[in-house]
Amino acid sequence: MGNDVKLVQELKEKVDNAFQEIAKVIIGQKETTEKLMISLFSGGHSLLVGVPGLAKTLLIKSFTEVFDLKFNRIQFTPDLMPSDITGTEILESNKETGEKIFRFIEGPIFANVILADEINRTPPKTQAALLEAMQEKQVTISEKTLKISEPFLVLATQNPIEQEGTYPLPEAQLDRFMFNLWMDYPTSEDEFEIVKRTTVPQKVQLEKVFSKDDIFKFRELLLKVPVADNLIEKAVKIVGLSRKSNNNEYPFSRLIEWGAGPRASQFLILAAKGKAILDGRFTPNYDDIRDVAIPVLRHRIVPSFNAEAEGIQSTEIINQILKVI
């Protein structure tokens, strides 16, 4: 136990240093950065939603530099093929023997952090190429199964404005994402600082704060964090109330078409654990559950026709559920 206490203190110091490094490049967006850290230490993936120009790509690149991870960016387009993501086999001739052999050329999926840029711009067949990798940490090529080295994190982006020519992610794939993170416009103070910094010559070198060994060490620590049974009960109740069959006595029941599955309960607890140890605490509390509830549940609740007619989104439904717990 004493060693775990030291690890929590060590993690808090490293997290503070990581925030300072990322702040050299990114103004604001501390909450989004924190959720990305929780994703990494929890072994989850994140979907980032935001209008163009909010530095989503720059944030992810800076994040991977600080964590010393291999980074690949995939620009999703309508003509992208599954092999463009996973890789392909090519036929080569041995110059000495003349024998023809197949050689596998790795695709961009073989990295630690994948930025799937505008993931909803590509057809379902190509989106599905990510599905096995995200869930199983492997890809299958010509009946061969190839492991993707850990840590492995998919960070996908979506533009909420332009819907023409897009292919909405199916619920099965949305459920693979631990968080749905909405990046909002910066405050006027942050925007002033952004403009001031980026319109003059600058060269920023980010220091590496975490190693891969650190990531594995803190992942193991997160799993060992104790959680009170009553907190797990609250997490399960929150998710249960998102299901129409369990909330008929509440007025928000008519706003829900489909609710969240058991993976949401798991992610609520894992994310609450991550939030606690990033703050230097040894066990999560209900405030941690509340802090992560919206990004964990937002993409897992399908609003009903009544909700859409009244302009009510899943975020408001989640807030109504939290009020009755």
# chains A, B, ... in the order shown; residues from 1 in each chain; ligands from 1
call {"tool": "residues_around", "arguments": {"residues": "Ile148 of chain A", "least_positions_apart": "4", "cutoff": "12 Å", "atoms": "only C-alpha atoms", "output": "MDAnalysis selection string"}}
result
chainID A and resid 86 106:114 130 132:140 152:154
call {"tool": "write_last_selection", "arguments": {"atoms": "N, CA and C atoms", "output": "PDB file, in the first residue's frame"}}
result
ATOM      1  N   THR A  86      -4.999  -0.571 -42.300  1.00  0.00           N
ATOM      2  CA  THR A  86      -4.375  -1.735 -41.665  1.00  0.00           C
ATOM      3  C   THR A  86      -3.055  -2.124 -42.303  1.00  0.00           C
ATOM      4  N   GLU A 106       3.149  -2.496 -43.248  1.00  0.00           N
ATOM      5  CA  GLU A 106       2.287  -2.018 -42.167  1.00  0.00           C
ATOM      6  C   GLU A 106       1.574  -0.726 -42.544  1.00  0.00           C
ATOM      7  N   GLY A 107       0.298  -0.638 -42.160  1.00  0.00           N
ATOM      8  CA  GLY A 107      -0.462   0.586 -42.346  1.00  0.00           C
ATOM      9  C   GLY A 107      -0.271   1.520 -41.161  1.00  0.00           C
ATOM     10  N   PRO A 108      -0.879   2.699 -41.207  1.00  0.00           N
ATOM     11  CA  PRO A 108      -0.695   3.684 -40.124  1.00  0.00           C
ATOM     12  C   PRO A 108      -1.310   3.265 -38.794  1.00  0.00           C
ATOM     13  N   ILE A 109      -2.130   2.188 -38.790  1.00  0.00           N
ATOM     14  CA  ILE A 109      -2.745   1.738 -37.539  1.00  0.00           C
ATOM     15  C   ILE A 109      -1.688   1.241 -36.550  1.00  0.00           C
ATOM     16  N   PHE A 110      -0.489   0.887 -37.059  1.00  0.00           N
ATOM     17  CA  PHE A 110       0.568   0.354 -36.192  1.00  0.00           C
ATOM     18  C   PHE A 110       1.353   1.506 -35.567  1.00  0.00           C
ATOM     19  N   ALA A 111       0.739   2.113 -34.586  1.00  0.00           N
ATOM     20  CA  ALA A 111       1.354   3.202 -33.815  1.00  0.00           C
ATOM     21  C   ALA A 111       0.735   3.174 -32.431  1.00  0.00           C
ATOM     22  N   ASN A 112       1.221   4.039 -31.540  1.00  0.00           N
ATOM     23  CA  ASN A 112       0.648   4.096 -30.187  1.00  0.00           C
ATOM     24  C   ASN A 112      -0.594   4.964 -30.124  1.00  0.00           C
ATOM     25  N   VAL A 113      -0.565   6.092 -30.827  1.00  0.00           N
ATOM     26  CA  VAL A 113      -1.708   7.003 -30.852  1.00  0.00           C
ATOM     27  C   VAL A 113      -2.103   7.240 -32.306  1.00  0.00           C
ATOM     28  N   ILE A 114      -3.360   6.958 -32.626  1.00  0.00           N
ATOM     29  CA  ILE A 114      -3.887   7.168 -33.965  1.00  0.00           C
ATOM     30  C   ILE A 114      -4.863   8.337 -33.922  1.00  0.00           C
ATOM     31  N   LEU A 130     -11.336  -0.092 -38.203  1.00  0.00           N
ATOM     32  CA  LEU A 130     -10.851   0.359 -36.895  1.00  0.00           C
ATOM     33  C   LEU A 130     -11.427  -0.471 -35.752  1.00  0.00           C
ATOM     34  N   GLU A 132     -11.991  -3.742 -35.034  1.00  0.00           N
ATOM     35  CA  GLU A 132     -11.212  -4.845 -34.466  1.00  0.00           C
ATOM     36  C   GLU A 132      -9.987  -4.314 -33.735  1.00  0.00           C
ATOM     37  N   ALA A 133      -9.324  -3.327 -34.354  1.00  0.00           N
ATOM     38  CA  ALA A 133      -8.116  -2.769 -33.736  1.00  0.00           C
ATOM     39  C   ALA A 133      -8.435  -2.117 -32.390  1.00  0.00           C
ATOM     40  N   MET A 134      -9.535  -1.362 -32.330  1.00  0.00           N
ATOM     41  CA  MET A 134      -9.892  -0.667 -31.093  1.00  0.00           C
ATOM     42  C   MET A 134     -10.246  -1.642 -29.978  1.00  0.00           C
ATOM     43  N   GLN A 135     -10.975  -2.707 -30.323  1.00  0.00           N
ATOM     44  CA  GLN A 135     -11.459  -3.624 -29.301  1.00  0.00           C
ATOM     45  C   GLN A 135     -10.445  -4.719 -28.971  1.00  0.00           C
ATOM     46  N   GLU A 136      -9.829  -5.297 -30.016  1.00  0.00           N
ATOM     47  CA  GLU A 136      -8.978  -6.469 -29.818  1.00  0.00           C
ATOM     48  C   GLU A 136      -7.486  -6.147 -29.820  1.00  0.00           C
ATOM     49  N   LYS A 137      -7.121  -4.901 -30.176  1.00  0.00           N
ATOM     50  CA  LYS A 137      -5.704  -4.508 -30.282  1.00  0.00           C
ATOM     51  C   LYS A 137      -4.964  -5.403 -31.286  1.00  0.00           C
ATOM     52  N   GLN A 138      -5.644  -5.695 -32.404  1.00  0.00           N
ATOM     53  CA  GLN A 138      -5.046  -6.510 -33.445  1.00  0.00           C
ATOM     54  C   GLN A 138      -5.751  -6.241 -34.767  1.00  0.00           C
ATOM     55  N   VAL A 139      -5.112  -6.623 -35.869  1.00  0.00           N
ATOM     56  CA  VAL A 139      -5.746  -6.544 -37.182  1.00  0.00           C
ATOM     57  C   VAL A 139      -5.567  -7.888 -37.868  1.00  0.00           C
ATOM     58  N   THR A 140      -6.479  -8.208 -38.789  1.00  0.00           N
ATOM     59  CA  THR A 140      -6.410  -9.465 -39.535  1.00  0.00           C
ATOM     60  C   THR A 140      -6.210  -9.155 -41.006  1.00  0.00           C
ATOM     61  N   PHE A 152      -2.042   1.548 -26.940  1.00  0.00           N
ATOM     62  CA  PHE A 152      -2.702   1.847 -28.199  1.00  0.00           C
ATOM     63  C   PHE A 152      -3.945   2.671 -27.917  1.00  0.00           C
ATOM     64  N   LEU A 153      -4.001   3.851 -28.536  1.00  0.00           N
ATOM     65  CA  LEU A 153      -5.085   4.794 -28.260  1.00  0.00           C
ATOM     66  C   LEU A 153      -5.575   5.389 -29.571  1.00  0.00           C
ATOM     67  N   VAL A 154      -6.878   5.266 -29.840  1.00  0.00           N
ATOM     68  CA  VAL A 154      -7.480   5.887 -31.017  1.00  0.00           C
ATOM     69  C   VAL A 154      -8.197   7.161 -30.575  1.00  0.00           C
TER      70      VAL A 154
END
call {"tool": "residues_around", "arguments": {"residues": "Ala271 of chain A", "least_positions_apart": "4", "cutoff": "9 Å", "atoms": "only C-alpha atoms", "output": "ChimeraX atom specification"}}
result
/A:35,38-39,42,178,266-267,275-276,288-289,292-293,296
call {"tool": "write_last_selection", "arguments": {"atoms": "N, CA and C atoms", "output": "CSV table (one decimal), in the first residue's frame"}}
result
chain,number,residue,atom,x,y,z
A,35,LYS,N,-9.0,14.6,-19.8
A,35,LYS,CA,-9.8,13.4,-20.2
A,35,LYS,C,-8.9,12.5,-21.1
A,38,ILE,N,-6.8,10.5,-18.9
A,38,ILE,CA,-7.6,9.4,-18.3
A,38,ILE,C,-7.8,8.3,-19.3
A,39,SER,N,-8.1,8.6,-20.5
A,39,SER,CA,-8.3,7.6,-21.6
A,39,SER,C,-7.0,6.7,-21.7
A,42,SER,N,-6.6,4.5,-18.7
A,42,SER,CA,-7.7,3.5,-18.6
A,42,SER,C,-7.7,2.5,-19.7
A,178,MET,N,-14.5,5.4,-25.1
A,178,MET,CA,-14.7,5.7,-23.7
A,178,MET,C,-15.4,7.1,-23.5
A,266,GLN,N,-18.8,0.4,-16.6
A,266,GLN,CA,-17.4,0.1,-16.5
A,266,GLN,C,-16.6,1.4,-16.7
A,267,PHE,N,-16.9,2.1,-17.7
A,267,PHE,CA,-16.1,3.3,-18.0
A,267,PHE,C,-16.3,4.4,-17.0
A,275,LYS,N,-9.6,10.0,-12.7
A,275,LYS,CA,-9.8,11.4,-12.3
A,275,LYS,C,-9.2,11.5,-10.9
A,276,ALA,N,-9.5,10.6,-10.0
A,276,ALA,CA,-9.0,10.6,-8.6
A,276,ALA,C,-7.4,10.6,-8.6
A,288,ASP,N,-16.4,12.7,-8.7
A,288,ASP,CA,-15.6,12.2,-9.9
A,288,ASP,C,-16.6,11.5,-10.9
A,289,ILE,N,-17.6,10.8,-10.4
A,289,ILE,CA,-18.6,10.2,-11.3
A,289,ILE,C,-19.3,11.3,-12.0
A,292,VAL,N,-17.3,12.9,-14.9
A,292,VAL,CA,-17.1,12.1,-16.2
A,292,VAL,C,-18.3,11.6,-16.8
A,293,ALA,N,-19.5,11.8,-16.2
A,293,ALA,CA,-20.7,11.2,-16.6
A,293,ALA,C,-21.1,11.7,-18.0
A,296,VAL,N,-18.8,10.3,-20.8
A,296,VAL,CA,-19.0,8.8,-20.9
A,296,VAL,C,-20.3,8.4,-21.5
call {"tool": "residues_around", "arguments": {"residues": "segment 209-222 of chain A", "least_positions_apart": "4", "cutoff": "10 Å", "atoms": "only C-alpha atoms", "output": "PyMOL selection string"}}
result
chain A and resi 4-5+7-8+10-11+13-19+21+37-38+40-43+64-69+112+150-151+226+270-278+282-283
call {"tool": "residues_around", "arguments": {"residues": "Ile317 of chain A", "least_positions_apart": "5", "cutoff": "12 Å", "atoms": "only C-alpha atoms", "output": "NGL selection string"}}
result
:A and (238-239 or 241-244 or 250-259 or 293-294 or 297-304 or 307-308 or 311-312 or 322-324)
